[in-house]
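The block underneath contains the structure these notes are about, expressed in structure tokens.
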Amino acid sequence: MSDNSIDNSNGATPASAPGEGIRIIREEKPDNSLRGRLRRVKKTRWIRFAVVSAIFFTWVILMGNPWLALLWLLLADIYITGYIPFNWWKKKSGATRAVMAWVDAIVYALILIYFIFAFIGQQYEIPSSSLEKSLLVGDRLWVDKTVYGARVPQTPLHFPLAQHTLPVINTKSYIDHPQLEYHRMPGRRSVERGDIVVFNFPQGDTVALGMPNRDIYQMMYDMRQQGISDPRAYMSQNRQMFGEIVWRPVDRRENYVKRTIGLPGERLRISNDTIYINGRPIAEPENVQYNYIIPVNGEISTEKWHDLGVRAEDHGYKPMRNEYAGFSFYDVPLTAAMKADIETWPEVIGPLQRESESGLIDLGGVFPLGNSYGWTRPDMGEFWIPKRGTTLHLTADNLPVYERAIRVYEGNNLEVRDGKIYINGMQTDHYTFKMDYYWMMGDNRDRSLDSRYWGFVPEDHLVGSPVFIIVSLDQERGWTDGKIRWERILRNPNPDKSAGKW
């Protein structure tokens, strides 16, 4: 007889009381004490936790902020103790589990991107021709942030894929507070002359959102030249034109890319576009460009300019092609090789003349704005570039050169009363700089907004140096018409200084 059969041979089976024959098995609750949690951790997880902890404490040391070590407790809970139920959603089913799986993956990806972009490197696109022909408009660069030492994010709470504005919704991509003090991790080397450097725009601390690509200090200088005594009040009264006036922290300002010309502690002078460092002229970049007035007897096609290597935007600068002194002309940036080529064109009817010598373009409004030195773009200086730890004797004559560095970049209260200089309320005639400063210029010398207009670049504004071009897209060509510049992919844009170019 099978085990499942019912034996009725002795008559009716006696009735059973409710619940009779059912065995209750009591499940033991897991030991959630600290000791119990530690006993349940697998050996492989302990090994992973040890590796992550070693990386974490190395990062804390490099960051120079011991308070960050407290975050190790969070790591310990994630890997070992599990008091915080980060994975609660894994016990769910259906739509909740599916949605949270995507959220979890996106959060981890954003955290990884944040750390890569903040401490290793980042992709940047070249928007203007200030460094042609070394960098072309449409080049997308990988910028190495470790070469000079990664800068600790001064605005730590920011969205990693946007510099200062979130696309589509057009709002700030960062939270102003907290703001951390400037600190840079150890780098592989210091900035050298000739380096192409990405940095935050020094005068981008204040921005008119209606004209975000304009230097607000240059705009205010131009307004004063036009007789507007209080430019800030004028902009506030014309919000429909200028938009809201906002302040941006250092690491959320626009990114610029220029070539390093002057280093901390050097004396710099520009005479007839020749740059002198400590009294000696320095070599120019191989493909430096200057603007030339080109007299012509007819219009030159855009295609011919493109074949030469001149973008439509660059041969379209005002006064572009116009009537002047009885002939038509173009105002175009050219390298020495391009100039020699153009001089053979049949449309050219006379010798090419440097733009700066033609009298057509106003060369005023250079650093320091409003100075009485008589400086122009091709003729400036001589002045000293501030160096960390070096004390400068301040006078009424040299103060305009260093005022912004002392007041804005290094955060001092600077006043001039009765011809005397006061820093943080104390009368003084000297100042010791806290940071190194650099003089940056573009290779497209007559079409580059650079240190000649806004002065020194502080070390806390340095981002990194491009190491290769990821991809290069010609904005004036279609996808089937040579848009991808294949020859530029993976090319190193920085100069070979060992070859004697610098």
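Following the order of the structure tokens, chains are lettered A, B, ..., residues in each are numbered from 1, and ligands are numbered from 1.
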Worksheet entry | Test item, alpha helix (DSSP H) assignment across range 293-467 of chain A, answer as number ranges by chain | A: 302-308, 336-342, 355-358, 399-404, 451-454
Could you list, with a cut-off of 10 Å and counting only C-alpha atoms, the residues of range 243-333 of chain A near range 120-124 of chain A, each shown with its nearest atom pair and the distance in Å rounded to one decimal, rows sorted by chain and ascending number, as a Markdown table?
| residue | atom | partner | partner_atom | distance |
| --- | --- | --- | --- | --- |
| A:Asn255 | CA | A:Tyr124 | CA | 8.5 |
| A:Tyr256 | CA | A:Tyr124 | CA | 9.8 |
| A:Val257 | CA | A:Tyr124 | CA | 9.6 |
Worksheet item: So, counting only C-alpha atoms, which residue among A:Leu369, A:Ala162, A:Ile78, A:Ala109 is closest to Gln218 in chain A?
Response: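 Of A:Leu369, A:Ala162, A:Ile78, A:Ala109, the one nearest Gln218 in chain A, counting only C-alpha atoms, is A:Leu369.
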Worksheet item: Skipping near chain neighbours, those fewer than 6 positions away, what residues fall within 8 Å of Pro295 in chain A using only C-alpha atoms, listed as a list in words?
Response: Phe327, Ser328, Phe329, Tyr330, Val348, Ile349, Gly350, Pro351 and Leu352 of chain A
Could you save the residues just selected, with all heavy atoms, as a PDB file, in the first residue's frame?
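So the final result, stored in part14.pdb, reads:
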ATOM      1  N   PHE A 327      39.594 101.079 -54.149  1.00  0.00           N
ATOM      2  CA  PHE A 327      39.671  99.671 -54.530  1.00  0.00           C
ATOM      3  C   PHE A 327      38.916  98.820 -53.507  1.00  0.00           C
ATOM      4  O   PHE A 327      38.630  99.261 -52.396  1.00  0.00           O
ATOM      5  CB  PHE A 327      41.120  99.191 -54.653  1.00  0.00           C
ATOM      6  CG  PHE A 327      41.915  99.322 -53.368  1.00  0.00           C
ATOM      7  CD1 PHE A 327      41.887  98.314 -52.413  1.00  0.00           C
ATOM      8  CD2 PHE A 327      42.690 100.447 -53.133  1.00  0.00           C
ATOM      9  CE1 PHE A 327      42.618  98.424 -51.241  1.00  0.00           C
ATOM     10  CE2 PHE A 327      43.419 100.561 -51.957  1.00  0.00           C
ATOM     11  CZ  PHE A 327      43.392  99.558 -51.013  1.00  0.00           C
ATOM     12  N   SER A 328      38.594  97.594 -53.897  1.00  0.00           N
ATOM     13  CA  SER A 328      37.936  96.649 -52.998  1.00  0.00           C
ATOM     14  C   SER A 328      39.010  95.826 -52.285  1.00  0.00           C
ATOM     15  O   SER A 328      40.112  95.643 -52.795  1.00  0.00           O
ATOM     16  CB  SER A 328      37.010  95.715 -53.783  1.00  0.00           C
ATOM     17  OG  SER A 328      36.010  96.458 -54.452  1.00  0.00           O
ATOM     18  N   PHE A 329      38.667  95.318 -51.090  1.00  0.00           N
ATOM     19  CA  PHE A 329      39.673  94.561 -50.353  1.00  0.00           C
ATOM     20  C   PHE A 329      39.040  93.529 -49.435  1.00  0.00           C
ATOM     21  O   PHE A 329      37.856  93.600 -49.112  1.00  0.00           O
ATOM     22  CB  PHE A 329      40.569  95.502 -49.540  1.00  0.00           C
ATOM     23  CG  PHE A 329      39.860  96.159 -48.381  1.00  0.00           C
ATOM     24  CD1 PHE A 329      39.840  95.577 -47.127  1.00  0.00           C
ATOM     25  CD2 PHE A 329      39.206  97.373 -48.558  1.00  0.00           C
ATOM     26  CE1 PHE A 329      39.197  96.179 -46.067  1.00  0.00           C
ATOM     27  CE2 PHE A 329      38.553  97.981 -47.495  1.00  0.00           C
ATOM     28  CZ  PHE A 329      38.543  97.391 -46.263  1.00  0.00           C
ATOM     29  N   TYR A 330      39.856  92.576 -49.039  1.00  0.00           N
ATOM     30  CA  TYR A 330      39.514  91.612 -48.000  1.00  0.00           C
ATOM     31  C   TYR A 330      40.464  91.817 -46.829  1.00  0.00           C
ATOM     32  O   TYR A 330      41.602  92.255 -47.003  1.00  0.00           O
ATOM     33  CB  TYR A 330      39.659  90.178 -48.505  1.00  0.00           C
ATOM     34  CG  TYR A 330      38.555  89.731 -49.428  1.00  0.00           C
ATOM     35  CD1 TYR A 330      38.658  89.934 -50.801  1.00  0.00           C
ATOM     36  CD2 TYR A 330      37.428  89.097 -48.938  1.00  0.00           C
ATOM     37  CE1 TYR A 330      37.661  89.517 -51.660  1.00  0.00           C
ATOM     38  CE2 TYR A 330      36.422  88.669 -49.784  1.00  0.00           C
ATOM     39  CZ  TYR A 330      36.543  88.882 -51.154  1.00  0.00           C
ATOM     40  OH  TYR A 330      35.545  88.464 -51.989  1.00  0.00           O
ATOM     41  N   VAL A 348      44.383  89.701 -57.129  1.00  0.00           N
ATOM     42  CA  VAL A 348      45.082  90.639 -56.252  1.00  0.00           C
ATOM     43  C   VAL A 348      45.760  91.708 -57.103  1.00  0.00           C
ATOM     44  O   VAL A 348      46.538  91.391 -58.016  1.00  0.00           O
ATOM     45  CB  VAL A 348      46.115  89.898 -55.376  1.00  0.00           C
ATOM     46  CG1 VAL A 348      46.893  90.887 -54.511  1.00  0.00           C
ATOM     47  CG2 VAL A 348      45.416  88.867 -54.502  1.00  0.00           C
ATOM     48  N   ILE A 349      45.499  92.985 -56.777  1.00  0.00           N
ATOM     49  CA  ILE A 349      45.967  94.075 -57.644  1.00  0.00           C
ATOM     50  C   ILE A 349      47.030  94.944 -56.993  1.00  0.00           C
ATOM     51  O   ILE A 349      47.417  95.968 -57.557  1.00  0.00           O
ATOM     52  CB  ILE A 349      44.775  94.961 -58.076  1.00  0.00           C
ATOM     53  CG1 ILE A 349      44.084  95.570 -56.841  1.00  0.00           C
ATOM     54  CG2 ILE A 349      43.778  94.164 -58.911  1.00  0.00           C
ATOM     55  CD1 ILE A 349      42.988  96.563 -57.177  1.00  0.00           C
ATOM     56  N   GLY A 350      47.506  94.554 -55.826  1.00  0.00           N
ATOM     57  CA  GLY A 350      48.531  95.360 -55.182  1.00  0.00           C
ATOM     58  C   GLY A 350      49.167  94.616 -54.038  1.00  0.00           C
ATOM     59  O   GLY A 350      48.763  93.499 -53.697  1.00  0.00           O
ATOM     60  N   PRO A 351      50.171  95.203 -53.416  1.00  0.00           N
ATOM     61  CA  PRO A 351      50.842  94.535 -52.298  1.00  0.00           C
ATOM     62  C   PRO A 351      49.924  94.390 -51.095  1.00  0.00           C
ATOM     63  O   PRO A 351      49.061  95.236 -50.844  1.00  0.00           O
ATOM     64  CB  PRO A 351      52.020  95.463 -51.997  1.00  0.00           C
ATOM     65  CG  PRO A 351      51.591  96.794 -52.501  1.00  0.00           C
ATOM     66  CD  PRO A 351      50.744  96.534 -53.698  1.00  0.00           C
ATOM     67  N   LEU A 352      50.107  93.288 -50.356  1.00  0.00           N
ATOM     68  CA  LEU A 352      49.338  93.065 -49.136  1.00  0.00           C
ATOM     69  C   LEU A 352      49.897  93.933 -48.024  1.00  0.00           C
ATOM     70  O   LEU A 352      51.112  94.138 -47.931  1.00  0.00           O
ATOM     71  CB  LEU A 352      49.393  91.597 -48.724  1.00  0.00           C
ATOM     72  CG  LEU A 352      48.413  90.639 -49.413  1.00  0.00           C
ATOM     73  CD1 LEU A 352      48.587  90.626 -50.915  1.00  0.00           C
ATOM     74  CD2 LEU A 352      48.559  89.225 -48.851  1.00  0.00           C
TER      75      LEU A 352
END
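Between Gly365 in chain A and the residues A:Gly265, A:Gly94, A:Gly455, A:Pro202, the shortest atom-to-atom distance, using only C-alpha atoms, involves A:Gly455.
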Worksheet item: So, counting only C-alpha atoms, which residue among A:Trp142, A:Tyr276, A:Trp67, A:Tyr373 is closest to Ser472 in chain A?
Response: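 Closest candidate: A:Trp142.
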Closest-contact table, range 427-456 of chain A side, partner range 307-315 of chain A, 12 Å, counting only C-alpha atoms, as CSV:
residue,atom,partner,partner_atom,distance
A:Asn444,CA,A:Asp314,CA,10.5
A:Asp446,CA,A:Asp314,CA,11.1
A:Arg447,CA,A:Asp314,CA,8.8
A:Ser448,CA,A:Asp314,CA,11.8
With N, CA and C atoms retained, could you export that selection as a PDB file, in the first residue's frame?
ATOM      1  N   ASN A 444      46.462  83.046 -34.033  1.00  0.00           N
ATOM      2  CA  ASN A 444      45.798  83.943 -34.979  1.00  0.00           C
ATOM      3  C   ASN A 444      45.834  85.337 -34.343  1.00  0.00           C
ATOM      4  N   ASP A 446      45.828  88.562 -34.820  1.00  0.00           N
ATOM      5  CA  ASP A 446      44.948  89.721 -34.970  1.00  0.00           C
ATOM      6  C   ASP A 446      43.478  89.376 -34.782  1.00  0.00           C
ATOM      7  N   ARG A 447      43.183  88.106 -34.503  1.00  0.00           N
ATOM      8  CA  ARG A 447      41.786  87.708 -34.290  1.00  0.00           C
ATOM      9  C   ARG A 447      41.659  86.845 -33.044  1.00  0.00           C
ATOM     10  N   SER A 448      42.470  87.128 -32.041  1.00  0.00           N
ATOM     11  CA  SER A 448      42.431  86.340 -30.812  1.00  0.00           C
ATOM     12  C   SER A 448      42.193  87.255 -29.623  1.00  0.00           C
TER      13      SER A 448
END
Worksheet entry | All residues 12 Å or closer to Val401 in chain A, only C-alpha atoms, same chain fewer than 2 positions away omitted, as a PyMOL selection string | chain A and resi 366-373+375+380-386+392+394-399+403-407+451-456
Discussion item. Between CA of Thr146 in chain A and CA of Gly187 in chain A, what is the distance in Å, rounded to a tenth?
Written reply: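 About the pair CA of Thr146 in chain A and CA of Gly187 in chain A: they are 5.7 Å apart.
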Worksheet item: Quick one, how far is CA of Val296 in chain A from CA of Glu343 in chain A?
Response: 10.7 Å
Discussion item. Please report the interatomic distance between CA of Gly149 in chain A and CA of Thr260 in chain A in Å with one decimal.
Written reply: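 Atom-to-atom, CA of Gly149 in chain A and CA of Thr260 in chain A are spaced 16.7 Å apart.
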